[in-house]
>>> print(open('coords36.cif').read())   # mmCIF, C-alpha atoms
data_input
#
loop_
_atom_site.group_PDB
_atom_site.id
_atom_site.type_symbol
_atom_site.label_atom_id
_atom_site.label_comp_id
_atom_site.auth_asym_id
_atom_site.auth_seq_id
_atom_site.Cartn_x
_atom_site.Cartn_y
_atom_site.Cartn_z
ATOM 1 C CA MET A 1013 -8.091 -26.741 3.837
ATOM 2 C CA THR A 1014 -6.935 -23.536 5.553
ATOM 3 C CA THR A 1015 -8.455 -23.060 9.008
ATOM 4 C CA THR A 1016 -10.363 -19.792 8.800
ATOM 5 C CA ALA A 1017 -11.899 -17.245 11.152
ATOM 6 C CA VAL A 1018 -14.620 -14.836 10.048
ATOM 7 C CA LEU A 1019 -15.428 -11.390 11.427
ATOM 8 C CA LEU A 1020 -19.049 -10.427 10.789
ATOM 9 C CA LEU A 1021 -18.975 -6.662 10.220
ATOM 10 C CA PRO A 1022 -22.294 -4.973 9.327
ATOM 11 C CA LEU A 1023 -21.943 -1.384 8.086
ATOM 12 C CA SER A 1024 -24.899 0.965 8.391
ATOM 13 C CA SER A 1025 -23.734 3.220 5.551
ATOM 14 C CA LEU A 1026 -21.101 3.501 2.825
ATOM 15 C CA GLY A 1027 -19.459 6.306 4.747
ATOM 16 C CA PRO A 1028 -16.064 6.142 6.485
ATOM 17 C CA VAL A 1029 -15.355 3.143 8.710
ATOM 18 C CA ASN A 1030 -15.797 4.456 12.252
ATOM 19 C CA ASN A 1031 -13.648 3.910 15.342
ATOM 20 C CA SER A 1032 -15.898 1.210 16.786
ATOM 21 C CA GLN A 1033 -15.796 -0.770 13.550
ATOM 22 C CA GLN A 1034 -12.015 -0.395 13.408
ATOM 23 C CA SER A 1035 -11.872 -1.661 16.988
ATOM 24 C CA LEU A 1036 -13.770 -4.816 16.011
ATOM 25 C CA VAL A 1037 -11.280 -5.469 13.214
ATOM 26 C CA LYS A 1038 -8.347 -4.982 15.590
ATOM 27 C CA GLN A 1039 -9.834 -7.370 18.173
ATOM 28 C CA ALA A 1040 -10.472 -10.047 15.544
ATOM 29 C CA VAL A 1041 -6.971 -9.777 14.086
ATOM 30 C CA GLN A 1042 -5.321 -9.863 17.502
ATOM 31 C CA GLU A 1043 -7.268 -12.952 18.576
ATOM 32 C CA SER A 1044 -6.593 -14.694 15.251
ATOM 33 C CA LEU A 1045 -2.859 -14.068 15.637
ATOM 34 C CA ARG A 1046 -2.943 -15.333 19.230
ATOM 35 C CA ARG A 1047 -4.459 -18.644 18.184
ATOM 36 C CA GLU A 1048 -2.086 -20.997 16.412
ATOM 37 C CA ASP A 1049 -4.912 -22.927 14.735
ATOM 38 C CA ILE A 1050 -6.212 -19.911 12.754
ATOM 39 C CA LYS A 1051 -4.343 -19.336 9.491
ATOM 40 C CA LYS A 1052 -6.705 -16.930 7.729
ATOM 41 C CA LEU A 1053 -9.216 -14.212 8.601
ATOM 42 C CA LEU A 1054 -12.158 -13.110 6.451
ATOM 43 C CA ILE A 1055 -13.708 -9.734 7.225
ATOM 44 C CA LEU A 1056 -17.287 -10.296 6.058
ATOM 45 C CA VAL A 1057 -18.727 -6.843 5.386
ATOM 46 C CA GLN A 1058 -22.488 -6.496 5.167
ATOM 47 C CA LEU A 1059 -23.421 -3.399 3.169
ATOM 48 C CA PRO A 1060 -26.737 -1.508 3.366
ATOM 49 C CA GLY A 1061 -29.033 -0.549 0.540
ATOM 50 C CA THR A 1062 -29.093 -1.318 -3.169
ATOM 51 C CA PHE A 1063 -26.544 0.139 -5.570
ATOM 52 C CA THR A 1064 -24.188 -0.604 -8.447
ATOM 53 C CA ILE A 1065 -20.489 -1.084 -7.805
ATOM 54 C CA ASP A 1066 -19.642 1.518 -10.436
ATOM 55 C CA GLY A 1067 -22.015 4.041 -8.888
ATOM 56 C CA GLN A 1068 -20.358 3.753 -5.462
ATOM 57 C CA TRP A 1069 -16.815 3.165 -6.751
ATOM 58 C CA GLU A 1070 -15.026 5.666 -4.510
ATOM 59 C CA GLN A 1071 -16.890 4.719 -1.346
ATOM 60 C CA LEU A 1072 -16.304 0.980 -1.743
ATOM 61 C CA GLN A 1073 -12.595 1.213 -2.420
ATOM 62 C CA SER A 1074 -12.280 3.564 0.542
ATOM 63 C CA ILE A 1075 -13.970 0.985 2.800
ATOM 64 C CA LEU A 1076 -11.618 -1.718 1.540
ATOM 65 C CA CYS A 1077 -8.571 0.438 2.121
ATOM 66 C CA SER A 1078 -9.622 1.470 5.642
ATOM 67 C CA LEU A 1079 -10.202 -2.138 6.682
ATOM 68 C CA TYR A 1080 -6.932 -3.384 5.213
ATOM 69 C CA VAL A 1081 -4.944 -0.542 6.792
ATOM 70 C CA THR A 1082 -6.546 -1.282 10.167
ATOM 71 C CA GLN A 1083 -5.645 -4.961 9.836
ATOM 72 C CA LEU A 1084 -2.107 -4.196 8.688
ATOM 73 C CA ASN A 1085 -1.434 -1.856 11.608
ATOM 74 C CA VAL A 1086 -2.129 -4.779 13.959
ATOM 75 C CA THR A 1087 -0.153 -7.402 12.031
ATOM 76 C CA TYR A 1088 2.843 -5.066 11.613
ATOM 77 C CA ALA A 1089 2.903 -4.361 15.346
ATOM 78 C CA ALA A 1090 2.865 -8.120 15.982
ATOM 79 C CA ASP A 1091 5.658 -8.729 13.428
ATOM 80 C CA ALA A 1092 3.249 -10.813 11.354
ATOM 81 C CA PRO A 1093 2.842 -8.721 8.178
ATOM 82 C CA LEU A 1094 2.198 -11.794 6.028
ATOM 83 C CA PHE A 1095 -0.887 -12.912 7.952
ATOM 84 C CA ASP A 1096 -3.624 -13.789 5.456
ATOM 85 C CA CYS A 1097 -6.601 -11.451 5.810
ATOM 86 C CA THR A 1098 -9.214 -10.780 3.104
ATOM 87 C CA VAL A 1099 -12.187 -8.414 3.020
ATOM 88 C CA VAL A 1100 -15.312 -9.944 1.469
ATOM 89 C CA PHE A 1101 -18.586 -8.145 0.721
ATOM 90 C CA ASP A 1102 -21.498 -10.323 1.791
ATOM 91 C CA GLY A 1103 -24.111 -10.633 -0.935
ATOM 92 C CA TRP A 1104 -21.659 -9.644 -3.650
ATOM 93 C CA CYS A 1105 -19.417 -12.669 -3.022
ATOM 94 C CA ASN A 1106 -22.266 -14.999 -4.120
ATOM 95 C CA TYR A 1107 -21.879 -17.550 -1.326
ATOM 96 C CA SER A 1108 -22.529 -17.805 2.399
ATOM 97 C CA ALA A 1109 -19.191 -17.431 4.150
ATOM 98 C CA GLY A 1110 -20.696 -18.639 7.409
ATOM 99 C CA LEU A 1111 -21.359 -22.054 5.855
ATOM 100 C CA GLU A 1112 -17.853 -22.641 4.486
ATOM 101 C CA PRO A 1113 -16.365 -25.870 5.962
ATOM 102 C CA SER A 1114 -13.003 -24.195 6.641
ATOM 103 C CA VAL A 1115 -14.543 -21.714 9.094
ATOM 104 C CA LYS A 1116 -13.784 -22.752 12.675
ATOM 105 C CA LEU A 1117 -14.164 -19.434 14.497
ATOM 106 C CA MET A 1118 -16.687 -16.595 14.128
ATOM 107 C CA PHE A 1119 -16.246 -13.104 15.561
ATOM 108 C CA ALA A 1120 -19.422 -11.094 16.170
ATOM 109 C CA THR A 1121 -20.887 -8.501 18.506
ATOM 110 C CA GLU A 1122 -23.751 -9.316 20.865
ATOM 111 C CA GLN A 1123 -26.361 -7.863 18.495
ATOM 112 C CA ASP A 1124 -25.162 -10.094 15.627
ATOM 113 C CA VAL A 1125 -24.926 -13.397 17.527
ATOM 114 C CA SER A 1126 -28.418 -14.482 16.397
ATOM 115 C CA GLN A 1127 -27.339 -14.397 12.752
ATOM 116 C CA VAL A 1128 -24.202 -16.350 13.601
ATOM 117 C CA ASP A 1129 -26.281 -18.933 15.497
ATOM 118 C CA SER A 1130 -28.471 -19.443 12.418
ATOM 119 C CA TRP A 1131 -25.380 -20.337 10.390
ATOM 120 C CA ASN A 1132 -24.261 -22.805 13.021
ATOM 121 C CA GLN A 1133 -27.646 -24.552 12.898
ATOM 122 C CA GLN A 1134 -27.137 -25.198 9.169
ATOM 123 C CA ARG A 1135 -23.591 -26.535 9.485
ATOM 124 C CA ASN A 1136 -22.446 -30.124 9.856
ATOM 125 C CA GLU A 1137 -19.784 -28.966 12.303
ATOM 126 C CA ALA A 1138 -20.446 -25.881 14.417
ATOM 127 C CA PHE A 1139 -17.826 -23.163 14.654
ATOM 128 C CA GLU A 1140 -16.754 -21.452 17.857
ATOM 129 C CA ILE A 1141 -18.276 -18.022 18.504
ATOM 130 C CA HIS A 1142 -16.075 -15.284 19.928
ATOM 131 C CA GLU A 1143 -18.101 -12.281 21.068
ATOM 132 C CA LEU A 1144 -16.495 -8.889 20.508
ATOM 133 C CA THR A 1145 -17.147 -5.621 22.322
ATOM 134 C CA GLY A 1146 -17.777 -2.373 20.470
ATOM 135 C CA SER A 1147 -18.881 1.142 21.326
ATOM 136 C CA GLU A 1148 -22.643 0.756 21.686
ATOM 137 C CA GLN A 1149 -23.162 4.526 21.486
ATOM 138 C CA GLU A 1150 -21.231 4.832 18.217
ATOM 139 C CA MET A 1151 -22.994 1.802 16.751
ATOM 140 C CA THR A 1152 -26.390 3.273 17.693
ATOM 141 C CA THR A 1153 -25.536 6.709 16.303
ATOM 142 C CA SER A 1154 -24.308 5.184 13.062
ATOM 143 C CA SER A 1155 -27.385 2.970 12.797
ATOM 144 C CA SER A 1156 -29.821 5.853 13.405
ATOM 145 C CA SER A 1157 -28.477 7.737 10.389
ATOM 146 C CA SER A 1158 -28.409 4.708 8.107
ATOM 147 C CA THR A 1159 -31.755 5.390 6.413
ATOM 148 C CA GLU A 1160 -30.612 8.800 5.249
ATOM 149 C CA ASN A 1161 -27.225 7.516 4.076
ATOM 150 C CA ASN A 1162 -28.702 4.588 2.165
ATOM 151 C CA SER A 1163 -30.485 6.773 -0.385
ATOM 152 C CA TYR A 1164 -27.769 6.636 -3.028
ATOM 153 C CA ASN A 1165 -27.387 8.824 -6.085
ATOM 154 C CA ASP A 1166 -26.342 5.961 -8.340
ATOM 155 C CA ASN A 1167 -25.716 6.454 -12.045
ATOM 156 C CA GLY A 1168 -23.213 3.632 -12.300
ATOM 157 C CA ARG A 1169 -22.762 1.336 -15.266
ATOM 158 C CA VAL A 1170 -22.835 -2.452 -15.270
ATOM 159 C CA PHE A 1171 -20.094 -4.226 -17.216
ATOM 160 C CA ASP A 1172 -20.255 -7.822 -18.435
ATOM 161 C CA LYS A 1173 -16.487 -8.159 -18.792
ATOM 162 C CA THR A 1174 -13.714 -6.400 -16.887
ATOM 163 C CA ILE A 1175 -9.934 -6.686 -16.912
ATOM 164 C CA VAL A 1176 -6.936 -5.923 -14.715
ATOM 165 C CA GLY A 1177 -3.236 -6.701 -14.981
ATOM 166 C CA GLY A 1178 -0.209 -7.030 -12.724
ATOM 167 C CA THR A 1179 2.565 -9.251 -11.424
ATOM 168 C CA PHE A 1180 0.497 -10.429 -8.429
ATOM 169 C CA ASP A 1181 3.474 -11.884 -6.607
ATOM 170 C CA HIS A 1182 2.812 -12.548 -2.895
ATOM 171 C CA ILE A 1183 -0.727 -11.142 -3.123
ATOM 172 C CA HIS A 1184 -0.959 -8.234 -0.684
ATOM 173 C CA ALA A 1185 -3.563 -5.649 0.310
ATOM 174 C CA GLY A 1186 -2.954 -3.456 -2.749
ATOM 175 C CA HIS A 1187 -3.464 -6.435 -5.052
ATOM 176 C CA LYS A 1188 -6.543 -7.461 -3.099
ATOM 177 C CA ILE A 1189 -8.192 -4.068 -3.565
ATOM 178 C CA LEU A 1190 -7.454 -4.105 -7.320
ATOM 179 C CA LEU A 1191 -8.718 -7.660 -7.808
ATOM 180 C CA THR A 1192 -11.756 -7.233 -5.559
ATOM 181 C CA MET A 1193 -12.959 -4.076 -7.272
ATOM 182 C CA THR A 1194 -12.367 -5.565 -10.737
ATOM 183 C CA ALA A 1195 -14.322 -8.692 -9.808
ATOM 184 C CA LEU A 1196 -17.177 -6.705 -8.257
ATOM 185 C CA LEU A 1197 -17.409 -4.522 -11.363
ATOM 186 C CA ALA A 1198 -17.993 -7.544 -13.637
ATOM 187 C CA SER A 1199 -21.315 -9.311 -14.092
ATOM 188 C CA LYS A 1200 -20.040 -12.245 -16.173
ATOM 189 C CA THR A 1201 -16.280 -12.435 -16.805
ATOM 190 C CA ILE A 1202 -13.078 -11.093 -15.271
ATOM 191 C CA TYR A 1203 -9.830 -11.176 -17.231
ATOM 192 C CA VAL A 1204 -6.555 -10.967 -15.326
ATOM 193 C CA GLY A 1205 -3.227 -10.570 -17.087
ATOM 194 C CA VAL A 1206 -0.378 -11.925 -14.954
ATOM 195 C CA THR A 1207 3.097 -10.742 -15.899
ATOM 196 C CA ASP A 1208 5.125 -13.674 -17.216
ATOM 197 C CA ASP A 1209 8.428 -14.722 -15.644
ATOM 198 C CA VAL A 1210 10.361 -13.570 -18.724
ATOM 199 C CA MET A 1211 9.461 -9.949 -17.930
ATOM 200 C CA LEU A 1212 10.628 -10.085 -14.304
ATOM 201 C CA LYS A 1213 14.335 -10.839 -14.611
ATOM 202 C CA SER A 1214 15.382 -7.428 -13.244
ATOM 203 C CA LYS A 1215 13.152 -7.570 -10.146
ATOM 204 C CA LYS A 1216 14.801 -7.468 -6.715
ATOM 205 C CA HIS A 1217 15.025 -10.853 -4.962
ATOM 206 C CA ARG A 1218 14.051 -12.478 -8.234
ATOM 207 C CA GLU A 1219 14.568 -15.941 -6.730
ATOM 208 C CA LEU A 1220 11.654 -15.359 -4.335
ATOM 209 C CA ILE A 1221 9.124 -14.512 -7.058
ATOM 210 C CA ALA A 1222 6.599 -17.301 -7.469
ATOM 211 C CA SER A 1223 6.379 -18.953 -10.885
ATOM 212 C CA THR A 1224 3.908 -17.605 -13.430
ATOM 213 C CA GLN A 1225 1.658 -20.632 -12.991
ATOM 214 C CA ASP A 1226 1.702 -20.361 -9.191
ATOM 215 C CA ARG A 1227 0.791 -16.678 -9.392
ATOM 216 C CA ILE A 1228 -2.047 -17.464 -11.793
ATOM 217 C CA GLU A 1229 -3.401 -20.102 -9.410
ATOM 218 C CA ASN A 1230 -3.099 -17.694 -6.454
ATOM 219 C CA VAL A 1231 -5.134 -15.086 -8.344
ATOM 220 C CA LYS A 1232 -7.832 -17.650 -9.154
ATOM 221 C CA GLU A 1233 -7.932 -18.770 -5.530
ATOM 222 C CA PHE A 1234 -8.331 -15.188 -4.329
ATOM 223 C CA LEU A 1235 -11.086 -14.442 -6.851
ATOM 224 C CA HIS A 1236 -12.916 -17.564 -5.657
ATOM 225 C CA VAL A 1237 -12.989 -16.028 -2.179
ATOM 226 C CA VAL A 1238 -14.196 -12.525 -3.101
ATOM 227 C CA ARG A 1239 -16.618 -13.243 -5.986
ATOM 228 C CA ARG A 1240 -17.958 -16.585 -7.143
ATOM 229 C CA GLY A 1241 -20.198 -17.204 -10.121
ATOM 230 C CA LEU A 1242 -17.953 -15.380 -12.600
ATOM 231 C CA GLU A 1243 -15.837 -16.782 -15.379
ATOM 232 C CA TYR A 1244 -12.183 -16.272 -14.415
ATOM 233 C CA ILE A 1245 -9.822 -15.940 -17.372
ATOM 234 C CA VAL A 1246 -6.354 -15.568 -15.853
ATOM 235 C CA VAL A 1247 -3.533 -15.657 -18.382
ATOM 236 C CA PRO A 1248 0.193 -14.898 -18.595
ATOM 237 C CA ILE A 1249 1.165 -11.729 -20.451
ATOM 238 C CA THR A 1250 4.473 -10.843 -22.117
ATOM 239 C CA ASP A 1251 3.628 -7.262 -23.115
ATOM 240 C CA PRO A 1252 1.927 -4.275 -21.436
ATOM 241 C CA TYR A 1253 -1.434 -4.940 -23.089
ATOM 242 C CA GLY A 1254 -2.393 -8.597 -22.661
ATOM 243 C CA PRO A 1255 -6.037 -9.452 -23.441
ATOM 244 C CA THR A 1256 -6.973 -5.760 -23.824
ATOM 245 C CA ILE A 1257 -5.783 -5.948 -27.448
ATOM 246 C CA THR A 1258 -7.007 -9.472 -28.221
ATOM 247 C CA GLU A 1259 -10.482 -9.415 -26.645
ATOM 248 C CA PRO A 1260 -12.733 -6.794 -28.274
ATOM 249 C CA SER A 1261 -15.670 -7.573 -25.967
ATOM 250 C CA VAL A 1262 -13.909 -6.491 -22.763
ATOM 251 C CA GLN A 1263 -15.580 -3.290 -21.558
ATOM 252 C CA ALA A 1264 -13.756 -1.912 -18.512
ATOM 253 C CA LEU A 1265 -10.127 -1.790 -17.368
ATOM 254 C CA VAL A 1266 -9.213 -1.256 -13.722
ATOM 255 C CA VAL A 1267 -5.902 0.500 -13.061
ATOM 256 C CA SER A 1268 -4.056 2.043 -10.137
ATOM 257 C CA LYS A 1269 -3.281 5.748 -10.046
ATOM 258 C CA GLU A 1270 0.295 4.929 -11.058
ATOM 259 C CA THR A 1271 -0.747 2.944 -14.149
ATOM 260 C CA GLU A 1272 -3.432 5.241 -15.586
ATOM 261 C CA LYS A 1273 -1.224 6.098 -18.570
ATOM 262 C CA GLY A 1274 -0.985 2.380 -19.333
ATOM 263 C CA GLY A 1275 -4.760 2.291 -19.603
ATOM 264 C CA ASP A 1276 -4.677 5.111 -22.138
ATOM 265 C CA ALA A 1277 -2.019 3.214 -24.110
ATOM 266 C CA CYS A 1278 -4.277 0.144 -24.218
ATOM 267 C CA ASN A 1279 -7.041 2.225 -25.752
ATOM 268 C CA VAL A 1280 -4.646 3.589 -28.383
ATOM 269 C CA GLU A 1281 -3.810 0.012 -29.384
ATOM 270 C CA ARG A 1282 -7.489 -1.001 -29.371
ATOM 271 C CA ALA A 1283 -8.320 1.884 -31.708
ATOM 272 C CA LYS A 1284 -5.728 0.564 -34.174
ATOM 273 C CA ARG A 1285 -7.687 -2.699 -34.237
ATOM 274 C CA ASP A 1286 -11.110 -1.040 -34.445
ATOM 275 C CA PHE A 1287 -11.986 -2.297 -30.953
ATOM 276 C CA PRO A 1288 -14.322 -0.147 -28.823
ATOM 277 C CA PRO A 1289 -12.477 1.879 -26.159
ATOM 278 C CA LEU A 1290 -12.242 0.526 -22.644
ATOM 279 C CA VAL A 1291 -13.885 2.422 -19.810
ATOM 280 C CA ILE A 1292 -11.069 3.166 -17.347
ATOM 281 C CA ARG A 1293 -11.779 2.861 -13.639
ATOM 282 C CA THR A 1294 -9.032 3.943 -11.251
ATOM 283 C CA ILE A 1295 -8.141 2.668 -7.792
ATOM 284 C CA ASP A 1296 -6.711 5.753 -6.115
ATOM 285 C CA VAL A 1297 -6.822 4.803 -2.413
ATOM 286 C CA ILE A 1298 -3.718 2.613 -2.373
ATOM 287 C CA SER A 1299 -1.579 5.666 -1.582
ATOM 288 C CA SER A 1300 -4.335 8.058 -0.512
ATOM 289 C CA ASP A 1301 -4.267 10.145 2.665
ATOM 290 C CA SER A 1302 -8.066 10.198 2.680
ATOM 291 C CA THR A 1303 -8.261 6.691 4.096
ATOM 292 C CA ALA A 1304 -5.495 6.982 6.682
ATOM 293 C CA VAL A 1305 -5.987 4.985 9.878
ATOM 294 C CA ASP A 1306 -4.034 5.852 13.024
ATOM 295 C CA GLY A 1307 -2.033 8.265 10.901
ATOM 296 C CA LYS A 1308 -1.034 5.608 8.376
ATOM 297 C CA ASP A 1309 -2.267 4.910 4.861
ATOM 298 C CA MET A 1310 -1.438 2.247 2.279
ATOM 299 C CA GLY A 1311 1.510 4.295 1.038
ATOM 300 C CA ALA A 1312 2.963 4.792 4.520
ATOM 301 C CA LEU A 1313 2.744 1.067 5.212
ATOM 302 C CA LYS A 1314 4.787 0.425 2.044
ATOM 303 C CA ILE A 1315 2.897 -2.705 1.108
ATOM 304 C CA SER A 1316 4.484 -4.104 -2.041
ATOM 305 C CA SER A 1317 5.673 -7.423 -3.406
ATOM 306 C CA THR A 1318 9.240 -6.081 -3.342
ATOM 307 C CA TRP A 1319 8.932 -5.265 0.368
ATOM 308 C CA ILE A 1320 7.481 -8.719 1.077
ATOM 309 C CA ARG A 1321 10.311 -10.490 -0.779
ATOM 310 C CA LYS A 1322 12.851 -8.418 1.169
ATOM 311 C CA TYR A 1323 11.100 -9.319 4.423
ATOM 312 C CA ILE A 1324 11.131 -13.028 3.543
ATOM 313 C CA ALA A 1325 14.811 -12.884 2.538
ATOM 314 C CA GLN A 1326 15.818 -11.151 5.788
ATOM 315 C CA HIS A 1327 13.894 -13.567 7.990
ATOM 316 C CA SER A 1328 15.293 -16.536 6.068
ATOM 317 C CA GLN A 1329 18.818 -15.202 6.647
ATOM 318 C CA GLU A 1330 18.151 -14.641 10.358
ATOM 319 C CA GLN A 1331 16.943 -18.226 10.759
ATOM 320 C CA LYS A 1332 20.144 -19.554 9.213
ATOM 321 C CA GLN A 1333 22.337 -17.607 11.650
#
>>> encode(input="coords36.cif", output="structure tokens")
Amino acid sequence: MTTTAVLLLPLSSLGPVNNSQQSLVKQAVQESLRREDIKKLLILVQLPGTFTIDGQWEQLQSILCSLYVTQLNVTYAADAPLFDCTVVFDGWCNYSAGLEPSVKLMFATEQDVSQVDSWNQQRNEAFEIHELTGSEQEMTTSSSSSTENNSYNDNGRVFDKTIVGGTFDHIHAGHKILLTMTALLASKTIYVGVTDDVMLKSKKHRELIASTQDRIENVKEFLHVVRRGLEYIVVPITDPYGPTITEPSVQALVVSKETEKGGDACNVERAKRDFPPLVIRTIDVISSDSTAVDGKDMGALKISSTWIRKYIAQHSQEQKQ
């Protein structure tokens, strides 16, 4: 069981993550890195109002990206880019993160300590509470406008079954945004196509790519953290289409900006089989300037499995010298 810390992060709107909220993330990451017993950090985001994921698609992926970029800026500066941090939306994850046995440390501001205390009273073993300091003025200003911001124009659709594909080697922030949004979009089943080993022979640092089965298990483990209560169908794929051309009941495909054309190709193949077309939903924040934090965005941070394998190879070589 991985020893986990949780940052309780209430947001008063679905607008941009403000400086005070970014500061809380930075404090929690820094303290987690300082403590040798903490191996994982969950950023537990509490969202206001009622809405569909599809109806607030852009806002939610922007929140995810801002939080991950904030976290990555801290871990890069500390030369700990592989630190395990995951953003979870409370309520949508379908479990109470504060009651998980692996949680040993809880970060919260003074105004949220009462909620944290209520979790501790329900636990067999209480976690430590670390109180964080934020800008009270900015928190108050944000809170005062929350009623206005929580009246959402929401015409989003609800999908029973969604699908996403990728290599998912050394799951990083880009993968986490893709998988999280795909899982949130589904009401019953999420399909994930994981690129089989036979298609990865030309990849750089091929020897450091996890096996197909290990990558499948890592995807399942991640999905269990961000959204429980769904059926996870995670399978190896040996072509660009995977279950999109074998499962007619799948309704929505999540792609990155770079793989949008692949989504169109899937629909061409589905039409040949008389399958209904997939609704395409795009994640476009992974290299978007609109969610830059401290002048850096996901693209500038160059988060990729290739970069991670190179980092691991270099550090392994340094340790041998």
>>> resolve_selection(input="coords36.cif", expression="the PyMOL selection byres ((chain A and resi 1238) around 10)", output="list in words")
Leu1054, Leu1056, Thr1098, Val1099, Val1100, Phe1101, Asp1102, Trp1104, Cys1105, Asn1106, Tyr1107, Lys1188, Leu1191, Thr1192, Met1193, Ala1195, Leu1196, Glu1233, Phe1234, Leu1235, His1236, Val1237, Arg1239 and Arg1240 of chain A
>>> atom_distance(input="coords36.cif", atom1="CA of Glu1229 in chain A", atom2="CA of Ile1189 in chain A")
17.7 Å
>>> resolve_selection(input="coords36.cif", expression="the PyMOL selection byres ((chain A and resi 1067-1074) around 6)", output="PyMOL selection string")
chain A and resi 1064-1066+1075-1077+1166-1168
>>> atom_distance(input="coords36.cif", atom1="CA of Gly1254 in chain A", atom2="CA of Val1210 in chain A")
14.2 Å
>>> residues_around(input="coords36.cif", residues="Pro1288 in chain A", least_positions_apart="3", cutoff="12 Å", atoms="only C-alpha atoms", output="list in words")
Thr1256, Ile1257, Thr1258, Glu1259, Pro1260, Ser1261, Val1262, Gln1263, Ala1264, Cys1278, Asn1279, Val1280, Glu1281, Arg1282, Ala1283, Lys1284, Arg1285 and Val1291 of chain A
>>> residues_around(input="coords36.cif", residues="Leu1019 in chain A", least_positions_apart="5", cutoff="8 Å", atoms="only C-alpha atoms", output="PyMOL selection string")
chain A and resi 1037+1040+1053-1056+1118-1120
>>> closest_residue(input="coords36.cif", among="A:Thr1179, A:Thr1082, A:Thr1294, A:Ser1268", to="Val1246 in chain A", atoms="only C-alpha atoms")
A:Thr1179
>>> atom_distance(input="coords36.cif", atom1="CA of Gly1061 in chain A", atom2="CA of Pro1028 in chain A")
15.8 Å
>>> closest_residue(input="coords36.cif", among="A:Ala1089, A:Ile1050, A:Val1128, A:Leu1144", to="Leu1036 in chain A", atoms="all atoms listed in the file")
A:Leu1144
